[in-house]
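Peer 1: Dropping the structure in here first, questions after.
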Amino acid sequence: MITESSSKTYWPLFPRKVMFDWQTTPLHWIPQSPLASHAINHFSFSLVRGEYFFCRMFNKALPLIEDEKLKEHVKVFIRQEVIHAQAHKDSIEQYLQRYGVDIEKQYETVIHLFDHALADKPFGMKLPKFLQKQWLVARVGFVAATEHYTCALGKFVLEKAHWEAKGCNPEVSDLFTWHCAEEVEHRAVAYDLFQYLNKGNYAMRCLVMLPVVPILTMLMIKGTAGLATTDPVLSKSQKSLTRLGFWKEWASASQQNLIPSLSWFITTSGSFFKPDYHPIYEASTQMALDYINNSPAVKAFEQQLVFSNDPKN
Ligand SMILES: [Fe+2]
Ligand SMILES: [Fe+2]
């Protein structure tokens with residue numbers, strides 16, 4: 001008897017390595033809006049710590065998976081997320097650090113969240129044995145809810161942002177567009193794993209999204225302000241969450257589709273609550289692959305591989 005796999009991803013998934021050159025990248029890589037540049041750049045800090053956290057959770061979940069197709073997709077997901085996290089870590093160390101960004105400070109909040117609050121022992125507190133598996137399943141659920149957002153961001157970037165066509169720096173545009181495209185490509189894996197472990201419990205699905213909406217919104221806004229504070233070019237009113245200038249500039253950048261609007265963070269969660277929700281209906285795999293297959297960073301790595309394997313070199 002053939003049983004249907006819990007993984008609904010029907011297209012092949014691949015991990016792809018990438019190569020970037022950060023030597024000449026400007027801090028204000030979105031020339032229309034320094035604040036929007038900080039808003040997107042700050043994602044890198046959340047992504048580094050967040051995606052390593054995703055990988056830790058999925059590695060812990062692997063022994064619980066008996067569905068071979070799902071297990072294979074989870075393994076590719078982990079490899080893709082490791083490459084994403086490493087690419088953003090490199091961009092922070094080789095690019096943002098050059099502009100005097102205090103890396104330790106920018107990481108503080110996300111380390112607190114992913115390494116302390118969401119640890120096996122939350123804030124050092126050992127959980128009783130009967131709760132340990134449920135805590136893992138809940139954290140896989142948080143990953144699934146967050147991946148709903150990374151897919152939605154991918155859709156926004158692929159369909160609306162078009163940074164490079166708007167004159168933004170090609171290197172950072174490619175880092176985030178390649179990454180977002182792979183988020184669209186593997187958009188169903190975390191959800192399918194969560195549903196598998198959670199036995200499709202609808203109430204639990206709603207519960208995991210509830211804290212994710214305010215936490216993601218807060219990380220995004222607070223992180224943007226954190227980077228903006230150290231920028232000598234920005235006016236004082238654009239650096240502070242308590243001043244109108246910050247919110248006006250955010251609205252202006254989002255009207256140009258350079259960054260998502262603030263309301264996007266709230267409304268994006270909506271479809272996740274629908275009883276018949278599934279991520280495969282949330283975005284176009286073909287649109288993602290069309291970008292990935294032409295990504296300069298993906299091509300640069302492939303070319304370097306061909307060059308280093310050529311016996312004449
Ligand atoms: Fe990722
Ligand atoms: Fe992802």
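Convention: chains lettered A, B, ... in structure tokens order; per-chain residue numbering from 1; ligands numbered from 1 as shown.
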With only C-alpha atoms and all ligand atoms counted and 8 Å as the cut-off, give the residues of chain A in contact with ligand 2, each with its shortest interatomic distance in Å and the pair that gives it, as CSV.
Peer 2:
residue,atom,partner,partner_atom_place_in_ligand_line,distance
A:Glu51,CA,ligand 2,1 (Fe),7.4
A:Phe77,CA,ligand 2,1 (Fe),7.2
A:Gln80,CA,ligand 2,1 (Fe),7.7
A:Glu81,CA,ligand 2,1 (Fe),6.1
A:Glu147,CA,ligand 2,1 (Fe),5.5
A:Thr150,CA,ligand 2,1 (Fe),6.4
A:Cys151,CA,ligand 2,1 (Fe),7.6
A:Glu182,CA,ligand 2,1 (Fe),7.2
A:Glu183,CA,ligand 2,1 (Fe),4.6
A:Val184,CA,ligand 2,1 (Fe),7.9
A:His186,CA,ligand 2,1 (Fe),6.5
A:Arg187,CA,ligand 2,1 (Fe),6.7
A:Ala190,CA,ligand 2,1 (Fe),8.0
Peer 1: Would you mind exporting C-alpha atoms of the selected residues as a short mmCIF file (atom, residue, chain, number, x, y, z; two decimals), in the first residue's frame?
Peer 2:
data_model
loop_
_atom_site.label_atom_id
_atom_site.label_comp_id
_atom_site.auth_asym_id
_atom_site.auth_seq_id
_atom_site.Cartn_x
_atom_site.Cartn_y
_atom_site.Cartn_z
CA GLU A 51 18.04 30.52 11.02
CA PHE A 77 15.80 22.83 4.43
CA GLN A 80 19.63 25.87 2.79
CA GLU A 81 19.11 27.73 6.07
CA GLU A 147 8.43 30.77 7.59
CA THR A 150 9.66 34.71 5.13
CA CYS A 151 7.58 33.32 2.24
CA GLU A 182 14.74 30.19 -1.60
CA GLU A 183 12.29 30.99 1.21
CA VAL A 184 9.50 30.78 -1.39
CA HIS A 186 11.06 25.75 0.62
CA ARG A 187 7.94 27.51 2.00
CA ALA A 190 8.41 23.82 8.14
#
Peer 1: Per DSSP on the backbone, filter stretch 140-219 of chain A down to the residues in alpha helix (DSSP H) and report them as a ChimeraX atom specification.
Peer 2: /A:140-156,170-185,189-198,202-219
Peer 1: List as a list in words the protein and nucleic acid residues near A:Ala300, meaning an atom at most 10 Å away when only C-alpha atoms are counted, but skip any in the same chain fewer than 6 places from it.
Peer 2: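 Here the answer would be Lys17, Val18, Met19, Phe20, Asp21 and Val306 of chain A.
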Peer 1: Between atom CA of A:Leu241 and atom CA of A:Pro34, what is the distance, to one decimal in Å?
Peer 2: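 Computed distance, atom CA of A:Leu241 to atom CA of A:Pro34, equals 15.5 Å.
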Peer 1: Using only C-alpha atoms and all ligand atoms, find each protein or nucleic acid residue lying at most 12 Å from ligand 1; present the set as JSON, numbers by chain.
Peer 2: {"A": [15, 16, 43, 44, 46, 47, 48, 49, 50, 51, 52, 53, 54, 55, 76, 77, 78, 79, 80, 81, 82, 83, 84, 85, 86, 87, 88, 143, 146, 147, 148, 149, 150, 151, 153, 154, 175, 176, 177, 178, 179, 180, 181, 182, 183, 184, 185, 186, 187, 189, 190]}
Peer 1: Taking N, CA and C atoms for each residue, export the selection above as a compact mmCIF listing (two decimals), in the first residue's frame.
Peer 2:
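Saved file result-v6.txt follows:
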# COMPACT_ATOMS: atom_id res chain seq x y z
N PRO A 15 20.18 22.55 -1.94
CA PRO A 15 20.97 23.61 -1.29
C PRO A 15 21.92 24.20 -2.35
N ARG A 16 22.08 25.51 -2.36
CA ARG A 16 22.98 26.14 -3.34
C ARG A 16 23.95 27.05 -2.61
N PHE A 43 17.54 42.95 9.06
CA PHE A 43 17.07 41.57 8.94
C PHE A 43 18.22 40.58 9.08
N SER A 44 19.39 40.98 8.59
CA SER A 44 20.54 40.05 8.62
C SER A 44 20.82 39.55 10.04
N SER A 46 18.67 39.28 12.59
CA SER A 46 17.62 38.33 12.99
C SER A 46 17.79 37.01 12.24
N LEU A 47 18.16 37.12 10.96
CA LEU A 47 18.27 35.90 10.14
C LEU A 47 19.42 35.01 10.60
N VAL A 48 20.56 35.60 10.95
CA VAL A 48 21.70 34.78 11.38
C VAL A 48 21.32 33.96 12.60
N ARG A 49 20.84 34.63 13.64
CA ARG A 49 20.52 33.90 14.88
C ARG A 49 19.26 33.05 14.71
N GLY A 50 18.28 33.60 13.97
CA GLY A 50 17.02 32.89 13.79
C GLY A 50 17.18 31.62 12.97
N GLU A 51 17.95 31.70 11.89
CA GLU A 51 18.04 30.52 11.02
C GLU A 51 18.93 29.44 11.64
N TYR A 52 19.92 29.82 12.42
CA TYR A 52 20.67 28.78 13.15
C TYR A 52 19.74 28.11 14.17
N PHE A 53 18.84 28.89 14.75
CA PHE A 53 17.85 28.32 15.68
C PHE A 53 16.93 27.34 14.93
N PHE A 54 16.47 27.73 13.74
CA PHE A 54 15.62 26.82 12.93
C PHE A 54 16.36 25.48 12.74
N CYS A 55 17.64 25.59 12.39
CA CYS A 55 18.42 24.37 12.10
C CYS A 55 18.54 23.50 13.35
N VAL A 76 17.24 19.03 3.51
CA VAL A 76 17.62 20.07 2.53
C VAL A 76 17.31 21.45 3.11
N PHE A 77 16.18 21.57 3.78
CA PHE A 77 15.80 22.83 4.43
C PHE A 77 16.92 23.28 5.37
N ILE A 78 17.41 22.35 6.18
CA ILE A 78 18.49 22.70 7.13
C ILE A 78 19.72 23.20 6.37
N ARG A 79 20.07 22.50 5.28
CA ARG A 79 21.27 22.90 4.54
C ARG A 79 21.07 24.28 3.88
N GLN A 80 19.88 24.53 3.37
CA GLN A 80 19.63 25.87 2.79
C GLN A 80 19.71 26.95 3.86
N GLU A 81 19.12 26.70 5.03
CA GLU A 81 19.11 27.73 6.07
C GLU A 81 20.52 28.00 6.63
N VAL A 82 21.35 26.96 6.68
CA VAL A 82 22.73 27.18 7.13
C VAL A 82 23.45 28.11 6.15
N ILE A 83 23.24 27.86 4.85
CA ILE A 83 23.89 28.71 3.84
C ILE A 83 23.36 30.14 3.93
N HIS A 84 22.05 30.29 4.15
CA HIS A 84 21.48 31.64 4.29
C HIS A 84 22.13 32.37 5.48
N ALA A 85 22.12 31.68 6.63
CA ALA A 85 22.65 32.32 7.85
C ALA A 85 24.11 32.72 7.65
N GLN A 86 24.88 31.84 7.02
CA GLN A 86 26.31 32.13 6.81
C GLN A 86 26.49 33.33 5.87
N ALA A 87 25.66 33.40 4.82
CA ALA A 87 25.77 34.52 3.86
C ALA A 87 25.47 35.85 4.56
N HIS A 88 24.47 35.86 5.43
CA HIS A 88 24.14 37.10 6.15
C HIS A 88 25.22 37.44 7.18
N VAL A 143 8.71 28.17 14.15
CA VAL A 143 9.47 28.23 12.89
C VAL A 143 8.49 28.25 11.72
N THR A 146 6.97 31.60 11.40
CA THR A 146 7.95 32.57 10.90
C THR A 146 8.20 32.34 9.40
N GLU A 147 8.23 31.08 9.01
CA GLU A 147 8.43 30.77 7.59
C GLU A 147 7.24 31.25 6.74
N HIS A 148 6.07 31.35 7.35
CA HIS A 148 4.94 31.96 6.64
C HIS A 148 5.31 33.40 6.28
N TYR A 149 5.98 34.08 7.21
CA TYR A 149 6.42 35.46 6.97
C TYR A 149 7.57 35.53 5.97
N THR A 150 8.53 34.61 6.07
CA THR A 150 9.66 34.71 5.13
C THR A 150 9.17 34.44 3.71
N CYS A 151 8.17 33.56 3.57
CA CYS A 151 7.58 33.32 2.24
C CYS A 151 6.86 34.58 1.75
N LEU A 153 7.44 37.62 2.65
CA LEU A 153 8.46 38.62 2.32
C LEU A 153 9.07 38.30 0.95
N GLY A 154 9.29 37.01 0.71
CA GLY A 154 9.81 36.58 -0.59
C GLY A 154 8.89 37.02 -1.71
N LEU A 175 21.61 39.48 -2.39
CA LEU A 175 21.62 38.70 -1.14
C LEU A 175 20.18 38.45 -0.67
N PHE A 176 19.41 39.53 -0.59
CA PHE A 176 18.05 39.38 -0.04
C PHE A 176 17.09 38.76 -1.05
N THR A 177 17.28 39.02 -2.35
CA THR A 177 16.33 38.45 -3.33
C THR A 177 16.60 36.96 -3.52
N TRP A 178 17.88 36.56 -3.57
CA TRP A 178 18.21 35.12 -3.64
C TRP A 178 17.66 34.40 -2.41
N HIS A 179 17.92 34.99 -1.24
CA HIS A 179 17.46 34.35 -0.01
C HIS A 179 15.93 34.26 0.00
N CYS A 180 15.27 35.36 -0.33
CA CYS A 180 13.80 35.37 -0.33
C CYS A 180 13.26 34.35 -1.33
N ALA A 181 13.92 34.22 -2.47
CA ALA A 181 13.45 33.25 -3.48
C ALA A 181 13.56 31.82 -2.92
N GLU A 182 14.63 31.53 -2.19
CA GLU A 182 14.74 30.19 -1.60
C GLU A 182 13.72 30.00 -0.47
N GLU A 183 13.35 31.09 0.19
CA GLU A 183 12.29 30.99 1.21
C GLU A 183 10.96 30.59 0.54
N VAL A 184 10.71 31.17 -0.64
CA VAL A 184 9.50 30.78 -1.39
C VAL A 184 9.62 29.32 -1.82
N GLU A 185 10.81 28.94 -2.27
CA GLU A 185 11.02 27.57 -2.76
C GLU A 185 10.74 26.53 -1.65
N HIS A 186 11.24 26.77 -0.43
CA HIS A 186 11.06 25.75 0.62
C HIS A 186 9.92 26.12 1.60
N ARG A 187 8.97 26.93 1.12
CA ARG A 187 7.94 27.51 2.00
C ARG A 187 7.06 26.50 2.73
N VAL A 189 8.02 23.35 3.87
CA VAL A 189 8.70 22.30 4.66
C VAL A 189 8.43 22.45 6.16
N ALA A 190 8.60 23.64 6.70
CA ALA A 190 8.41 23.82 8.14
C ALA A 190 6.96 23.56 8.53
Peer 1: So which residues touch A:Glu68 within 12 Å, counting only C-alpha atoms, skipping near sequence neighbours fewer than 2 positions away, as a PyMOL selection string?
Peer 2: chain A and resi 3-7+62-66+70-75+193
Peer 1: Nearest to A:Tyr291 among A:Val157, A:Thr24, A:Asp90, A:Ala138, with distances taken over only C-alpha atoms: which residue is it?
Peer 2: A:Val157
Peer 1: Counting only C-alpha atoms, which of A:Leu234, A:Leu158, A:Leu216, A:Leu227 gets nearest to A:Ala283?
Peer 2: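 For A:Ala283, the nearest of the candidates is A:Leu158.
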Peer 1: Please indicate the distance in Å from atom CA of A:Ala188 to atom CA of A:Leu118, rounded to one decimal place.
Peer 2: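 Computing the Euclidean distance for atom CA of A:Ala188 and atom CA of A:Leu118 yields 22.2 Å.
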Peer 1: Would you mind listing what lies within 8 Å of A:Tyr191 as a list in words, with only C-alpha atoms counted and same-chain residues fewer than 4 positions away left out?
Peer 2: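 Skipping anything fewer than 4 positions along the chain leaves Gly141, Ala144, Ala145, Glu147, Arg187, Gln195, His278 and Pro279 of chain A.
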Peer 1: How would the residues just chosen look if you wrote them out with N, CA and C atoms as an mmCIF file, in the first residue's frame?
Peer 2:
data_model
loop_
_atom_site.group_PDB
_atom_site.id
_atom_site.type_symbol
_atom_site.label_atom_id
_atom_site.label_comp_id
_atom_site.auth_asym_id
_atom_site.auth_seq_id
_atom_site.Cartn_x
_atom_site.Cartn_y
_atom_site.Cartn_z
ATOM 1 N N GLY A 141 6.621 24.837 15.570
ATOM 2 C CA GLY A 141 5.471 25.659 15.173
ATOM 3 C C GLY A 141 5.845 27.128 15.010
ATOM 4 N N ALA A 144 7.460 27.377 11.765
ATOM 5 C CA ALA A 144 6.479 27.332 10.667
ATOM 6 C C ALA A 144 5.771 28.683 10.505
ATOM 7 N N ALA A 145 5.426 29.309 11.633
ATOM 8 C CA ALA A 145 4.754 30.610 11.572
ATOM 9 C C ALA A 145 5.701 31.673 11.009
ATOM 10 N N GLU A 147 8.229 31.077 9.008
ATOM 11 C CA GLU A 147 8.429 30.766 7.586
ATOM 12 C C GLU A 147 7.245 31.248 6.738
ATOM 13 N N ARG A 187 8.965 26.933 1.120
ATOM 14 C CA ARG A 187 7.942 27.513 1.999
ATOM 15 C C ARG A 187 7.064 26.498 2.728
ATOM 16 N N GLN A 195 2.834 20.225 11.090
ATOM 17 C CA GLN A 195 1.561 19.489 10.996
ATOM 18 C C GLN A 195 1.766 18.005 11.298
ATOM 19 N N HIS A 278 -2.530 26.247 3.284
ATOM 20 C CA HIS A 278 -1.292 25.496 3.073
ATOM 21 C C HIS A 278 -0.322 26.403 2.328
ATOM 22 N N PRO A 279 0.960 26.422 2.735
ATOM 23 C CA PRO A 279 1.914 27.362 2.125
ATOM 24 C C PRO A 279 2.102 27.179 0.624
#
Peer 1: Using only C-alpha atoms, which of the listed residues (A:Lys69, A:His116, A:Lys60, A:His38) sits closest to A:Asp192?
Peer 2: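 When distances to A:Asp192 are compared using only C-alpha atoms, the smallest one comes from A:Lys69.
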Peer 1: Identify which of the residues A:Tyr95, A:Phe58, A:Phe273, A:Phe123 lies closest to A:Arg205, counting only C-alpha atoms when measuring atom-to-atom distances.
Peer 2: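 Counting only C-alpha atoms, the residue closest to A:Arg205 is A:Phe273.
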Peer 1: Taking a cut-off of 12 Å and counting only C-alpha atoms, can you build a table that, for each residue of stretch 146-210 of chain A near stretch 243-255 of chain A, reports the nearest atom pair and how far apart they are in Å (one decimal), sorted by chain then residue number, as CSV?
Peer 2:
residue,atom,partner,partner_atom,distance
A:Phe156,CA,A:Ser254,CA,11.0
A:Val157,CA,A:Ser254,CA,11.9
A:Lys160,CA,A:Ser254,CA,10.4
A:Ala161,CA,A:Ser254,CA,9.4
A:Trp163,CA,A:Ala253,CA,11.8
Peer 1: So what do you get for atom CA of A:Ile92 versus atom CA of A:Thr224, distance-wise?
Peer 2: 14.5 Å
